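Peer 1: My structure is stored as protein.cif, with mmCIF, C-alpha atoms and all ligand atoms.
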```cif
data_model
#
loop_
_atom_site.label_atom_id
_atom_site.label_comp_id
_atom_site.auth_asym_id
_atom_site.auth_seq_id
_atom_site.Cartn_x
_atom_site.Cartn_y
_atom_site.Cartn_z
CA MET A 1 0.00 0.00 0.00
CA ASN A 2 1.22 3.46 -0.92
CA THR A 3 1.39 5.65 2.25
CA ILE A 4 2.03 9.38 2.30
CA ARG A 5 2.34 11.65 5.31
CA THR A 6 0.79 15.07 5.82
CA GLN A 7 -0.13 17.29 8.73
CA VAL A 8 -3.79 17.84 7.85
CA ALA A 9 -5.71 15.46 5.56
CA ILE A 10 -8.67 17.32 4.05
CA ILE A 11 -11.61 15.33 2.72
CA GLY A 12 -13.58 17.24 0.09
CA GLY A 13 -12.38 19.70 -2.55
CA GLY A 14 -15.36 22.06 -2.36
CA PRO A 15 -15.00 25.65 -1.11
CA ALA A 16 -14.46 24.63 2.55
CA GLY A 17 -11.70 22.10 1.83
CA LEU A 18 -9.89 24.27 -0.72
CA LEU A 19 -10.02 27.44 1.38
CA LEU A 20 -8.75 25.59 4.46
CA SER A 21 -5.94 24.02 2.46
CA GLN A 22 -4.95 27.39 0.99
CA LEU A 23 -4.95 29.22 4.35
CA LEU A 24 -2.91 26.50 6.07
CA GLU A 25 -0.35 26.03 3.30
CA ARG A 26 0.31 29.76 3.16
CA LYS A 27 1.38 29.48 6.79
CA GLY A 28 3.61 26.47 6.19
CA ILE A 29 1.25 23.66 7.21
CA ASP A 30 1.19 20.68 4.86
CA THR A 31 -2.18 19.40 3.59
CA VAL A 32 -3.53 16.85 1.13
CA VAL A 33 -7.04 17.28 -0.31
CA LEU A 34 -9.04 14.20 -1.35
CA GLU A 35 -11.94 14.87 -3.73
CA ARG A 36 -14.39 12.23 -4.93
CA ARG A 37 -15.26 14.01 -8.19
CA SER A 38 -13.30 15.30 -11.16
CA ARG A 39 -12.31 18.95 -11.16
CA ASP A 40 -14.59 19.65 -14.12
CA TYR A 41 -17.53 18.19 -12.23
CA VAL A 42 -16.84 20.32 -9.14
CA LEU A 43 -16.48 23.45 -11.27
CA ALA A 44 -19.73 22.84 -13.15
CA ARG A 45 -21.86 22.93 -9.99
CA ILE A 46 -24.03 26.06 -9.80
CA ARG A 47 -24.58 26.95 -6.17
CA ALA A 48 -24.26 29.96 -3.88
CA GLY A 49 -23.62 33.54 -4.96
CA VAL A 50 -23.71 35.95 -2.00
CA LEU A 51 -20.67 36.45 0.24
CA GLU A 52 -20.72 38.07 3.67
CA SER A 53 -17.97 40.60 4.39
CA GLY A 54 -16.29 38.13 6.79
CA ALA A 55 -16.03 35.58 3.97
CA VAL A 56 -14.73 38.28 1.62
CA ASP A 57 -11.99 39.19 4.13
CA LEU A 58 -11.02 35.53 4.58
CA ILE A 59 -10.80 35.00 0.81
CA ARG A 60 -8.53 38.04 0.57
CA GLU A 61 -6.41 36.72 3.43
CA ALA A 62 -6.05 33.44 1.52
CA GLY A 63 -4.57 35.42 -1.39
CA VAL A 64 -7.42 34.56 -3.77
CA GLY A 65 -9.38 37.81 -3.74
CA ALA A 66 -8.03 39.58 -6.85
CA ARG A 67 -10.68 38.46 -9.36
CA MET A 68 -13.45 38.72 -6.77
CA GLN A 69 -12.30 42.30 -6.15
CA ARG A 70 -12.53 43.09 -9.88
CA GLU A 71 -15.65 41.17 -10.84
CA GLY A 72 -17.66 40.87 -7.62
CA ILE A 73 -20.54 43.28 -7.12
CA VAL A 74 -21.01 44.99 -3.77
CA HIS A 75 -24.65 45.07 -2.66
CA ASP A 76 -25.63 47.65 -0.07
CA GLY A 77 -29.21 46.45 0.25
CA THR A 78 -31.94 44.09 -0.90
CA PHE A 79 -35.61 44.31 -1.84
CA ILE A 80 -38.45 42.49 -0.12
CA ALA A 81 -41.65 42.28 -2.15
CA ALA A 82 -45.12 41.15 -1.09
CA SER A 83 -48.59 41.69 -2.53
CA ASN A 84 -47.31 43.68 -5.49
CA ARG A 85 -45.46 46.12 -3.20
CA GLY A 86 -41.84 46.25 -2.29
CA PHE A 87 -39.48 47.90 0.12
CA ARG A 88 -35.73 48.05 0.48
CA ILE A 89 -33.53 46.97 3.38
CA ASP A 90 -30.54 49.32 3.31
CA PHE A 91 -27.65 47.27 4.74
CA ARG A 92 -25.19 50.13 4.51
CA GLN A 93 -27.34 52.70 6.27
CA LEU A 94 -28.58 50.30 8.94
CA THR A 95 -25.33 48.49 9.76
CA GLY A 96 -22.47 50.14 7.83
CA GLY A 97 -21.91 46.80 6.06
CA SER A 98 -22.62 45.13 2.72
CA VAL A 99 -22.40 41.78 0.90
CA MET A 100 -20.55 40.78 -2.26
CA VAL A 101 -22.20 38.97 -5.16
CA TYR A 102 -19.63 36.52 -6.54
CA GLY A 103 -20.51 33.00 -7.67
CA GLN A 104 -19.35 29.94 -5.74
CA THR A 105 -18.24 28.47 -9.07
CA GLU A 106 -15.90 31.45 -9.64
CA LEU A 107 -14.55 31.26 -6.11
CA THR A 108 -13.88 27.52 -6.45
CA GLN A 109 -12.05 28.16 -9.72
CA ASP A 110 -9.92 30.87 -8.05
CA LEU A 111 -9.10 28.49 -5.20
CA TYR A 112 -8.03 25.69 -7.56
CA GLN A 113 -5.81 28.11 -9.45
CA ALA A 114 -4.20 29.33 -6.24
CA ARG A 115 -3.63 25.75 -5.02
CA ASP A 116 -2.08 24.82 -8.38
CA ALA A 117 0.23 27.84 -8.22
CA MET A 118 1.54 26.56 -4.88
CA ASN A 119 1.76 22.95 -6.12
CA GLY A 120 -1.03 21.99 -3.74
CA LYS A 121 -1.73 18.27 -3.43
CA ILE A 122 -5.31 17.64 -4.55
CA LEU A 123 -6.25 14.10 -5.55
CA HIS A 124 -9.41 13.91 -7.67
CA GLU A 125 -11.71 10.95 -8.26
CA VAL A 126 -10.71 9.19 -5.07
CA ASP A 127 -12.98 6.40 -3.89
CA GLU A 128 -13.73 4.41 -0.73
CA VAL A 129 -12.39 7.12 1.58
CA ARG A 130 -12.35 5.97 5.22
CA ILE A 131 -11.11 7.77 8.33
CA HIS A 132 -9.29 5.76 10.99
CA GLY A 133 -7.76 6.29 14.43
CA VAL A 134 -8.92 9.88 15.01
CA ASP A 135 -9.64 8.93 18.64
CA SER A 136 -5.97 7.93 19.02
CA ASP A 137 -2.53 9.30 18.11
CA ALA A 138 -2.46 7.25 14.89
CA ALA A 139 -4.94 9.08 12.67
CA HIS A 140 -4.95 8.04 9.02
CA VAL A 141 -7.17 8.03 5.97
CA SER A 142 -7.44 5.10 3.56
CA PHE A 143 -8.78 5.41 0.00
CA ARG A 144 -8.55 4.04 -3.51
CA TRP A 145 -6.98 6.19 -6.24
CA GLN A 146 -6.06 5.29 -9.80
CA GLY A 147 -6.92 1.66 -9.08
CA ARG A 148 -4.70 1.29 -6.02
CA GLU A 149 -5.25 1.27 -2.25
CA ARG A 150 -3.58 4.28 -0.59
CA ARG A 151 -3.17 5.67 2.87
CA ILE A 152 -2.42 9.10 4.33
CA ALA A 153 -0.94 9.24 7.81
CA CYS A 154 -1.75 12.60 9.41
CA ASP A 155 -2.05 14.63 12.61
CA TYR A 156 -5.59 15.78 11.90
CA VAL A 157 -8.46 15.13 9.49
CA ALA A 158 -10.72 17.95 8.28
CA GLY A 159 -14.07 16.57 7.09
CA CYS A 160 -15.07 19.09 4.41
CA ASP A 161 -16.99 16.56 2.33
CA GLY A 162 -20.45 18.13 2.31
CA PHE A 163 -23.77 16.78 3.52
CA HIS A 164 -23.43 13.40 1.77
CA GLY A 165 -19.79 12.84 2.74
CA ILE A 166 -18.41 10.12 5.00
CA SER A 167 -16.72 12.25 7.68
CA ARG A 168 -19.76 12.98 9.84
CA ASN A 169 -20.67 9.31 10.19
CA THR A 170 -17.17 8.49 11.40
CA ILE A 171 -18.27 10.01 14.71
CA PRO A 172 -19.87 7.22 16.78
CA ALA A 173 -23.67 7.30 16.98
CA SER A 174 -23.38 7.46 20.78
CA VAL A 175 -21.56 10.81 20.46
CA LEU A 176 -23.23 12.39 17.41
CA ARG A 177 -26.48 14.35 17.75
CA GLU A 178 -28.36 15.49 14.66
CA PHE A 179 -31.04 18.19 14.47
CA GLU A 180 -33.11 18.44 11.33
CA ARG A 181 -36.06 20.13 9.66
CA VAL A 182 -37.03 19.21 6.12
CA TYR A 183 -39.23 21.77 4.37
CA PRO A 184 -42.23 20.64 2.31
CA PHE A 185 -41.05 22.36 -0.90
CA GLY A 186 -37.97 22.91 -3.04
CA TRP A 187 -36.40 25.70 -5.07
CA LEU A 188 -36.35 25.47 -8.84
CA GLY A 189 -33.33 27.51 -9.96
CA LEU A 190 -32.73 28.84 -13.47
CA LEU A 191 -29.49 30.41 -14.67
CA SER A 192 -29.74 32.57 -17.80
CA ALA A 193 -27.33 34.74 -19.76
CA THR A 194 -29.58 37.78 -19.37
CA PRO A 195 -29.14 41.05 -17.42
CA PRO A 196 -30.58 40.87 -13.88
CA VAL A 197 -34.06 42.37 -13.45
CA SER A 198 -32.79 44.55 -10.60
CA ASP A 199 -29.45 45.94 -9.36
CA GLU A 200 -30.11 44.20 -6.04
CA LEU A 201 -31.73 40.89 -5.06
CA ILE A 202 -35.54 40.74 -4.85
CA TYR A 203 -37.07 38.36 -2.28
CA ALA A 204 -40.75 37.99 -3.23
CA SER A 205 -43.48 36.53 -1.05
CA HIS A 206 -46.55 35.63 -3.11
CA ALA A 207 -49.76 33.64 -2.73
CA ARG A 208 -48.46 31.24 -5.41
CA GLY A 209 -45.17 30.77 -3.56
CA PHE A 210 -41.82 32.43 -2.98
CA ALA A 211 -39.57 33.77 -5.75
CA LEU A 212 -36.02 35.13 -5.70
CA CYS A 213 -34.27 37.28 -8.29
CA SER A 214 -30.54 36.90 -7.86
CA MET A 215 -27.51 37.25 -10.11
CA ARG A 216 -23.94 36.20 -10.70
CA ASN A 217 -22.78 39.19 -12.80
CA PRO A 218 -24.29 41.96 -14.98
CA ALA A 219 -24.87 39.47 -17.81
CA LEU A 220 -25.81 36.36 -15.82
CA SER A 221 -28.99 36.06 -13.75
CA ARG A 222 -30.10 33.41 -11.28
CA TYR A 223 -33.82 33.12 -10.53
CA TYR A 224 -35.64 30.77 -8.18
CA LEU A 225 -39.22 29.62 -7.70
CA GLN A 226 -40.64 27.76 -4.72
CA VAL A 227 -42.06 24.51 -6.15
CA PRO A 228 -43.68 21.37 -4.68
CA LEU A 229 -41.17 18.66 -3.77
CA GLN A 230 -42.74 16.27 -6.26
CA ASP A 231 -42.01 18.57 -9.24
CA SER A 232 -39.27 17.63 -11.68
CA VAL A 233 -37.15 19.91 -13.87
CA GLU A 234 -38.67 18.29 -16.99
CA GLN A 235 -42.08 19.66 -15.99
CA TRP A 236 -40.73 23.20 -16.13
CA SER A 237 -40.00 24.47 -19.62
CA ASP A 238 -38.19 27.82 -19.73
CA GLU A 239 -41.45 29.46 -20.90
CA LEU A 240 -43.39 28.09 -17.92
CA PHE A 241 -40.66 29.24 -15.54
CA TRP A 242 -40.62 32.81 -16.85
CA GLU A 243 -44.41 33.01 -16.87
CA GLU A 244 -44.60 31.85 -13.25
CA LEU A 245 -41.78 34.16 -12.14
CA ARG A 246 -43.59 37.15 -13.67
CA ARG A 247 -46.76 36.29 -11.76
CA ARG A 248 -44.90 36.26 -8.43
CA LEU A 249 -42.98 39.54 -8.89
CA PRO A 250 -44.31 43.07 -8.38
CA ALA A 251 -45.68 44.41 -11.69
CA ALA A 252 -42.83 46.90 -12.18
CA ALA A 253 -40.21 44.14 -12.01
CA ALA A 254 -42.28 41.68 -14.05
CA GLU A 255 -42.55 44.22 -16.87
CA THR A 256 -38.82 44.81 -17.13
CA LEU A 257 -37.75 41.16 -16.71
CA VAL A 258 -35.50 40.08 -19.60
CA THR A 259 -35.96 36.39 -20.33
CA GLY A 260 -33.81 33.98 -22.31
CA GLU A 261 -32.84 30.38 -22.73
CA SER A 262 -31.77 28.64 -19.52
CA VAL A 263 -28.08 27.79 -19.10
CA GLU A 264 -28.85 25.51 -16.16
CA LYS A 265 -32.01 24.47 -14.36
CA SER A 266 -32.23 22.36 -11.20
CA ILE A 267 -34.40 21.70 -8.17
CA ALA A 268 -32.86 21.77 -4.69
CA PRO A 269 -34.75 20.52 -1.60
CA LEU A 270 -34.74 22.81 1.45
CA ARG A 271 -33.39 21.55 4.73
CA SER A 272 -32.14 22.82 8.08
CA PHE A 273 -29.62 20.45 9.67
CA VAL A 274 -26.96 20.62 12.38
CA ALA A 275 -24.64 17.88 13.65
CA GLU A 276 -23.05 18.19 17.08
CA PRO A 277 -20.21 18.06 18.02
CA MET A 278 -18.11 19.41 15.13
CA ARG A 279 -14.96 17.83 16.53
CA TRP A 280 -14.28 14.28 17.59
CA GLY A 281 -10.69 13.61 18.63
CA ARG A 282 -8.51 14.47 15.64
CA LEU A 283 -11.45 14.87 13.25
CA PHE A 284 -13.07 18.25 12.58
CA LEU A 285 -16.26 18.77 10.58
CA CYS A 286 -16.38 21.87 8.45
CA GLY A 287 -19.09 23.39 6.19
CA ASP A 288 -21.99 21.35 4.80
CA ALA A 289 -20.53 18.19 6.38
CA ALA A 290 -21.79 19.57 9.70
CA HIS A 291 -24.76 21.75 8.78
CA ILE A 292 -27.22 22.67 6.07
CA VAL A 293 -29.39 25.77 5.83
CA PRO A 294 -32.24 26.54 3.44
CA PRO A 295 -30.71 29.02 0.94
CA THR A 296 -33.20 31.80 1.80
CA GLY A 297 -30.68 33.62 4.00
CA ALA A 298 -27.70 33.04 1.64
CA LYS A 299 -25.76 31.42 4.48
CA GLY A 300 -24.53 27.98 3.26
CA LEU A 301 -21.22 29.01 1.74
CA ASN A 302 -20.75 31.73 4.33
CA LEU A 303 -21.02 29.26 7.20
CA ALA A 304 -18.46 27.04 5.49
CA ALA A 305 -16.16 30.11 5.44
CA SER A 306 -16.66 30.91 9.13
CA ASP A 307 -15.94 27.27 10.09
CA VAL A 308 -12.74 27.45 8.03
CA TYR A 309 -11.83 30.68 9.80
CA TYR A 310 -12.14 29.08 13.27
CA LEU A 311 -10.46 25.83 12.23
CA SER A 312 -7.53 27.46 10.43
CA ARG A 313 -6.92 29.69 13.48
CA ALA A 314 -7.08 26.67 15.80
CA LEU A 315 -4.61 24.63 13.72
CA LEU A 316 -2.20 27.56 13.31
CA GLN A 317 -2.30 28.08 17.08
CA HIS A 318 -1.51 24.38 17.57
CA TYR A 319 1.40 24.23 15.11
CA HIS A 320 2.91 27.68 15.65
CA GLU A 321 2.25 28.34 19.34
CA GLN A 322 1.82 24.80 20.76
CA ASP A 323 -1.51 26.02 22.13
CA ASP A 324 -4.57 23.75 21.83
CA HIS A 325 -7.23 26.11 23.15
CA GLY A 326 -8.54 26.79 19.63
CA ILE A 327 -8.77 23.06 18.90
CA ASP A 328 -10.54 22.37 22.18
CA ASP A 329 -12.98 25.25 21.60
CA TYR A 330 -13.53 24.69 17.85
CA SER A 331 -16.82 22.82 18.08
CA ALA A 332 -18.47 25.17 20.59
CA THR A 333 -17.22 28.33 18.85
CA ALA A 334 -18.29 27.24 15.38
CA LEU A 335 -21.65 25.88 16.56
CA SER A 336 -22.53 29.11 18.35
CA ARG A 337 -22.35 30.97 15.03
CA VAL A 338 -23.91 28.09 13.08
CA TRP A 339 -27.05 28.05 15.24
CA LYS A 340 -27.55 31.81 14.83
CA ALA A 341 -27.30 31.47 11.04
CA GLU A 342 -29.66 28.47 11.21
CA ARG A 343 -32.15 30.61 13.09
CA PHE A 344 -31.92 33.41 10.55
CA SER A 345 -32.25 31.08 7.54
CA TRP A 346 -35.22 29.33 9.14
CA SER A 347 -36.94 32.64 9.99
CA MET A 348 -36.45 34.04 6.46
CA THR A 349 -37.83 30.79 5.01
CA ARG A 350 -40.84 30.88 7.33
CA LEU A 351 -41.49 34.55 6.56
CA LEU A 352 -41.42 34.34 2.78
CA HIS A 353 -42.71 30.88 1.69
CA ARG A 354 -46.19 29.43 1.45
CA PHE A 355 -46.47 26.22 3.45
CA PRO A 356 -48.97 23.55 2.38
CA ASP A 357 -50.50 23.32 5.88
CA GLN A 358 -50.66 27.07 6.53
CA SER A 359 -53.88 28.18 8.24
CA ASP A 360 -55.54 31.59 7.75
CA PHE A 361 -54.08 32.55 11.13
CA ASP A 362 -50.57 31.60 9.97
CA LEU A 363 -51.03 33.69 6.83
CA ARG A 364 -52.11 36.73 8.84
CA MET A 365 -49.03 36.27 11.08
CA GLN A 366 -46.80 36.24 8.00
CA GLN A 367 -48.51 39.34 6.62
CA ALA A 368 -48.20 41.16 9.97
CA GLU A 369 -44.50 40.26 10.19
CA LEU A 370 -43.87 41.60 6.68
CA GLU A 371 -45.74 44.82 7.47
CA TYR A 372 -43.79 45.18 10.71
CA LEU A 373 -40.54 44.68 8.80
CA GLU A 374 -41.54 47.34 6.28
CA SER A 375 -42.42 49.88 8.97
CA SER A 376 -39.79 49.26 11.66
CA LEU A 377 -36.15 50.33 11.39
CA ALA A 378 -35.39 48.07 14.38
CA ALA A 379 -36.75 45.02 12.53
CA GLN A 380 -34.91 46.00 9.35
CA THR A 381 -31.67 46.45 11.30
CA ALA A 382 -31.99 42.95 12.78
CA LEU A 383 -32.49 41.48 9.31
CA ALA A 384 -29.62 43.51 7.84
CA GLU A 385 -27.23 42.60 10.67
CA ASN A 386 -27.86 38.88 10.08
CA TYR A 387 -27.86 39.11 6.29
CA ILE A 388 -24.47 40.82 6.05
CA GLY A 389 -23.21 38.23 8.54
CA LEU A 390 -22.62 38.15 12.27
CA PRO A 391 -18.99 38.84 13.29
CA TYR A 392 -16.55 35.92 13.53
C1 LIG B 1 -27.89 22.42 -5.30
C2 LIG B 1 -27.36 23.41 -4.28
C3 LIG B 1 -27.64 24.76 -4.40
C4 LIG B 1 -27.18 25.66 -3.45
N1 LIG B 1 -27.49 26.99 -3.57
C5 LIG B 1 -27.07 27.84 -2.62
C6 LIG B 1 -27.39 29.20 -2.69
O1 LIG B 1 -28.07 29.64 -3.62
N2 LIG B 1 -26.96 30.02 -1.69
C7 LIG B 1 -26.21 29.55 -0.64
O2 LIG B 1 -25.81 30.31 0.23
N3 LIG B 1 -25.87 28.27 -0.57
C8 LIG B 1 -26.28 27.42 -1.52
N4 LIG B 1 -25.96 26.12 -1.42
C9 LIG B 1 -25.11 25.73 -0.32
C10 LIG B 1 -23.63 25.96 -0.62
O3 LIG B 1 -23.36 25.67 -1.95
C11 LIG B 1 -22.87 25.07 0.33
O4 LIG B 1 -23.14 25.50 1.64
C12 LIG B 1 -21.36 25.07 0.09
O5 LIG B 1 -21.07 24.43 -1.12
C13 LIG B 1 -20.64 24.37 1.23
O6 LIG B 1 -19.32 24.11 0.89
P1 LIG B 1 -18.61 22.80 1.40
O7 LIG B 1 -17.22 22.87 0.86
O8 LIG B 1 -18.82 22.66 2.85
O9 LIG B 1 -19.41 21.58 0.76
P2 LIG B 1 -19.53 21.14 -0.77
O10 LIG B 1 -19.54 22.31 -1.67
O11 LIG B 1 -20.67 20.18 -0.82
O12 LIG B 1 -18.18 20.36 -1.05
C14 LIG B 1 -17.95 19.07 -0.53
C15 LIG B 1 -17.01 18.33 -1.47
O13 LIG B 1 -16.71 17.06 -0.92
C16 LIG B 1 -16.75 16.09 -1.95
N5 LIG B 1 -17.02 14.80 -1.33
C17 LIG B 1 -18.19 14.30 -0.88
N6 LIG B 1 -18.03 13.08 -0.37
C18 LIG B 1 -16.72 12.78 -0.49
C19 LIG B 1 -15.95 11.65 -0.15
N7 LIG B 1 -16.50 10.58 0.42
N8 LIG B 1 -14.64 11.67 -0.42
C20 LIG B 1 -14.06 12.76 -0.99
N9 LIG B 1 -14.76 13.86 -1.35
C21 LIG B 1 -16.06 13.86 -1.09
C22 LIG B 1 -17.85 16.57 -2.88
O14 LIG B 1 -17.72 16.05 -4.18
C23 LIG B 1 -17.64 18.08 -2.83
O15 LIG B 1 -16.79 18.53 -3.85
C24 LIG B 1 -26.41 25.20 -2.37
C25 LIG B 1 -26.13 23.85 -2.25
C26 LIG B 1 -26.60 22.95 -3.17
C27 LIG B 1 -26.30 21.47 -3.00
#
```
Rewrite the coordinates I just gave you, this time as structure tokens.

Peer 2:
Amino acid sequence: MNTIRTQVAIIGGGPAGLLLSQLLERKGIDTVVLERRSRDYVLARIRAGVLESGAVDLIREAGVGARMQREGIVHDGTFIAASNRGFRIDFRQLTGGSVMVYGQTELTQDLYQARDAMNGKILHEVDEVRIHGVDSDAAHVSFRWQGRERRIACDYVAGCDGFHGISRNTIPASVLREFERVYPFGWLGLLSATPPVSDELIYASHARGFALCSMRNPALSRYYLQVPLQDSVEQWSDELFWEELRRRLPAAAAETLVTGESVEKSIAPLRSFVAEPMRWGRLFLCGDAAHIVPPTGAKGLNLAASDVYYLSRALLQHYHEQDDHGIDDYSATALSRVWKAERFSWSMTRLLHRFPDQSDFDLRMQQAELEYLESSLAAQTALAENYIGLPY
């Protein structure tokens, strides 16, 4: 068996794994990233697009912020629409902060380029990854690559392998606690090479269901519709999608919407999920491996970034200062921020979607909450503070 040695074995070459690898290697800590898919496959995934300022700072610190700086779009606010009316939440005025619109696909590409430039070790299309000995001093990872059994001996393992990865289930069932809410609808997303309908995102609550107008750049728009879980992409022609989106938007936006052929169309289920603890011995969970949020609050990628922030600090403290406080506190520190983002994502989802079992009372509550949000600077400030991201 072919064995290599590294300080931190990272499972998963998504944004969490790549960013962690980049931050550690820049400070002289050796890592190996194991990714189940090909690079092309990872780079073709269309996912998140809104970065909190904390994530933006971390990306800059990792030395991969140049293109984001040039091409990313700073958003100082967002629109909330309901019943053919809309109002704006002014992040800048209410909090002094903002968010950056920059696609996860672009960020992942930047991270791969940066890793390549430093001769980073990323093994693609690995199979049968298993984590061993993280509850002892002999941690190692076994896997199959290019038809051969391999092994990495390491000090620590970072489980950055997303919701369906293997890292989380390495933690014994007697230790692991999971908290979950599955929502009774999904989001149908459509990417089109058309100019966005608005300079800022529009979150629309409508009797027919939620809609979101988002974007990746001035020539690439991302739109979403709340759809029943049973729906399939094949049922939604581009024409049907655009027609339904128009119905759910305020008239002014619907009239100016530029439509076009879809570049990508997919349905994502909505889920809230948290696994505790995020550390077990020499294994750390990071990003979607530990938690999932419904995308309504734009928090998925941002939480992956804040986990990476805490974990990179903890490992640097261990290797450079022989201090394990960061490692010991990692799970509690990360989870404290995770739960607040879970709460925000859940509350935005509850506020803006139609639920199949909603009573007339529930609908009036939703309406009252939206009216309160429109009229109260305190309520708007709370939303803005969470949307731009709580401090690390
Ligand atoms: C369809 C979809 C749409 C989304 N849209 C949004 C959005 O609009 N806004 C938002 O904020 N967030 C969105 N998210 C969430 C956001 O994309 C994630 O939170 C983010 O990707 C988390 O990064 P990660 O690196 O933790 O996990 P991932 O991006 O999932 O990366 C994990 C990596 O691990 C690899 N892997 C898995 N198992 C193994 C294994 N056994 N061995 C080796 N490698 C493995 C995977 O191939 C993957 O590359 C979306 C997620 C999905 C799935």

Peer 1: As JSON, numbers by chain, please: every protein or nucleic acid residue near ligand LIG 1 (chain B) (cut-off 6 Å, counting all atoms listed in the file).

Peer 2: {"A": [11, 12, 13, 14, 15, 16, 17, 34, 35, 36, 37, 42, 47, 48, 49, 129, 160, 161, 162, 164, 165, 166, 268, 287, 288, 289, 295, 298, 299, 300, 301, 304]}

Peer 1: To one decimal place, how far is atom CA of A:Gln380 from atom CA of A:Thr78 in Å?

Peer 2: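 Between atom CA of A:Gln380 and atom CA of A:Thr78 the gap works out to 10.8 Å.
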
Peer 1: So which one's closest to A:Leu351, A:Leu257, A:Ile388, A:Leu94, A:Ala82? Using all atoms listed in the file, please.

Peer 2: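 Among the listed residues, the smallest separation from A:Leu351 belongs to A:Ala82.
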
Peer 1: What separation in Å, quoted to one decimal, exists between atom CA of A:Leu315 and atom CA of A:Arg343?

Peer 2: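 Between these atoms lies a distance of 28.2 Å.
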
Peer 1: Taking 4 positions as the minimum chain separation for residues in the same chain, which residues sit within 7 Å of A:Phe143 when counting all atoms listed in the file? Answer as an mmCIF file with C-alpha atoms, keeping the file's coordinate frame.

Peer 2:
```cif
data_model
loop_
_atom_site.group_PDB
_atom_site.id
_atom_site.type_symbol
_atom_site.label_atom_id
_atom_site.label_comp_id
_atom_site.auth_asym_id
_atom_site.auth_seq_id
_atom_site.Cartn_x
_atom_site.Cartn_y
_atom_site.Cartn_z
ATOM 1 C CA VAL A 126 -10.710 9.190 -5.070
ATOM 2 C CA ASP A 127 -12.980 6.400 -3.890
ATOM 3 C CA GLU A 128 -13.730 4.410 -0.730
ATOM 4 C CA VAL A 129 -12.390 7.120 1.580
ATOM 5 C CA ARG A 130 -12.350 5.970 5.220
ATOM 6 C CA GLU A 149 -5.250 1.270 -2.250
ATOM 7 C CA ARG A 150 -3.580 4.280 -0.590
ATOM 8 C CA ARG A 151 -3.170 5.670 2.870
#
```

Peer 1: Which residue gives the smallest distance to A:Arg354 among A:Trp242, A:Tyr183, A:Tyr310, A:Tyr223, with all atoms listed in the file counted?

Peer 2: A:Tyr183

Peer 1: Looking at A:Tyr319, A:Tyr392, A:Trp280, A:Phe185, which one is nearest to A:Asn302, with distances taken over all atoms listed in the file?

Peer 2: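 Among the listed residues, the smallest separation from A:Asn302 belongs to A:Tyr392.
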
Peer 1: Can I get a file of stretch 58-69 of chain A from the given structure, N, CA and C atoms kept, as a PDB file, in the first residue's frame?

Peer 2:
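Contents of selection_31.pdb, freshly written:
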```
ATOM      1  N   LEU A  58     -11.767  36.787   4.471  1.00  0.00           N
ATOM      2  CA  LEU A  58     -11.017  35.528   4.579  1.00  0.00           C
ATOM      3  C   LEU A  58     -10.453  35.119   3.213  1.00  0.00           C
ATOM      4  N   ILE A  59     -11.248  35.336   2.172  1.00  0.00           N
ATOM      5  CA  ILE A  59     -10.803  34.995   0.810  1.00  0.00           C
ATOM      6  C   ILE A  59      -9.605  35.879   0.429  1.00  0.00           C
ATOM      7  N   ARG A  60      -9.673  37.138   0.827  1.00  0.00           N
ATOM      8  CA  ARG A  60      -8.529  38.042   0.572  1.00  0.00           C
ATOM      9  C   ARG A  60      -7.303  37.566   1.347  1.00  0.00           C
ATOM     10  N   GLU A  61      -7.530  37.185   2.600  1.00  0.00           N
ATOM     11  CA  GLU A  61      -6.409  36.720   3.435  1.00  0.00           C
ATOM     12  C   GLU A  61      -5.756  35.474   2.827  1.00  0.00           C
ATOM     13  N   ALA A  62      -6.576  34.661   2.144  1.00  0.00           N
ATOM     14  CA  ALA A  62      -6.045  33.438   1.523  1.00  0.00           C
ATOM     15  C   ALA A  62      -5.307  33.750   0.219  1.00  0.00           C
ATOM     16  N   GLY A  63      -5.290  35.023  -0.176  1.00  0.00           N
ATOM     17  CA  GLY A  63      -4.573  35.424  -1.395  1.00  0.00           C
ATOM     18  C   GLY A  63      -5.323  35.072  -2.671  1.00  0.00           C
ATOM     19  N   VAL A  64      -6.652  34.925  -2.574  1.00  0.00           N
ATOM     20  CA  VAL A  64      -7.423  34.558  -3.772  1.00  0.00           C
ATOM     21  C   VAL A  64      -8.528  35.590  -4.057  1.00  0.00           C
ATOM     22  N   GLY A  65      -8.307  36.820  -3.626  1.00  0.00           N
ATOM     23  CA  GLY A  65      -9.376  37.812  -3.744  1.00  0.00           C
ATOM     24  C   GLY A  65      -9.293  38.719  -4.959  1.00  0.00           C
ATOM     25  N   ALA A  66      -8.250  38.574  -5.793  1.00  0.00           N
ATOM     26  CA  ALA A  66      -8.028  39.577  -6.849  1.00  0.00           C
ATOM     27  C   ALA A  66      -9.184  39.631  -7.853  1.00  0.00           C
ATOM     28  N   ARG A  67      -9.607  38.450  -8.359  1.00  0.00           N
ATOM     29  CA  ARG A  67     -10.679  38.460  -9.364  1.00  0.00           C
ATOM     30  C   ARG A  67     -12.020  38.840  -8.716  1.00  0.00           C
ATOM     31  N   MET A  68     -12.222  38.360  -7.493  1.00  0.00           N
ATOM     32  CA  MET A  68     -13.451  38.724  -6.772  1.00  0.00           C
ATOM     33  C   MET A  68     -13.528  40.248  -6.614  1.00  0.00           C
ATOM     34  N   GLN A  69     -12.369  40.858  -6.322  1.00  0.00           N
ATOM     35  CA  GLN A  69     -12.303  42.304  -6.149  1.00  0.00           C
ATOM     36  C   GLN A  69     -12.699  43.030  -7.446  1.00  0.00           C
TER      37      GLN A  69
END
```
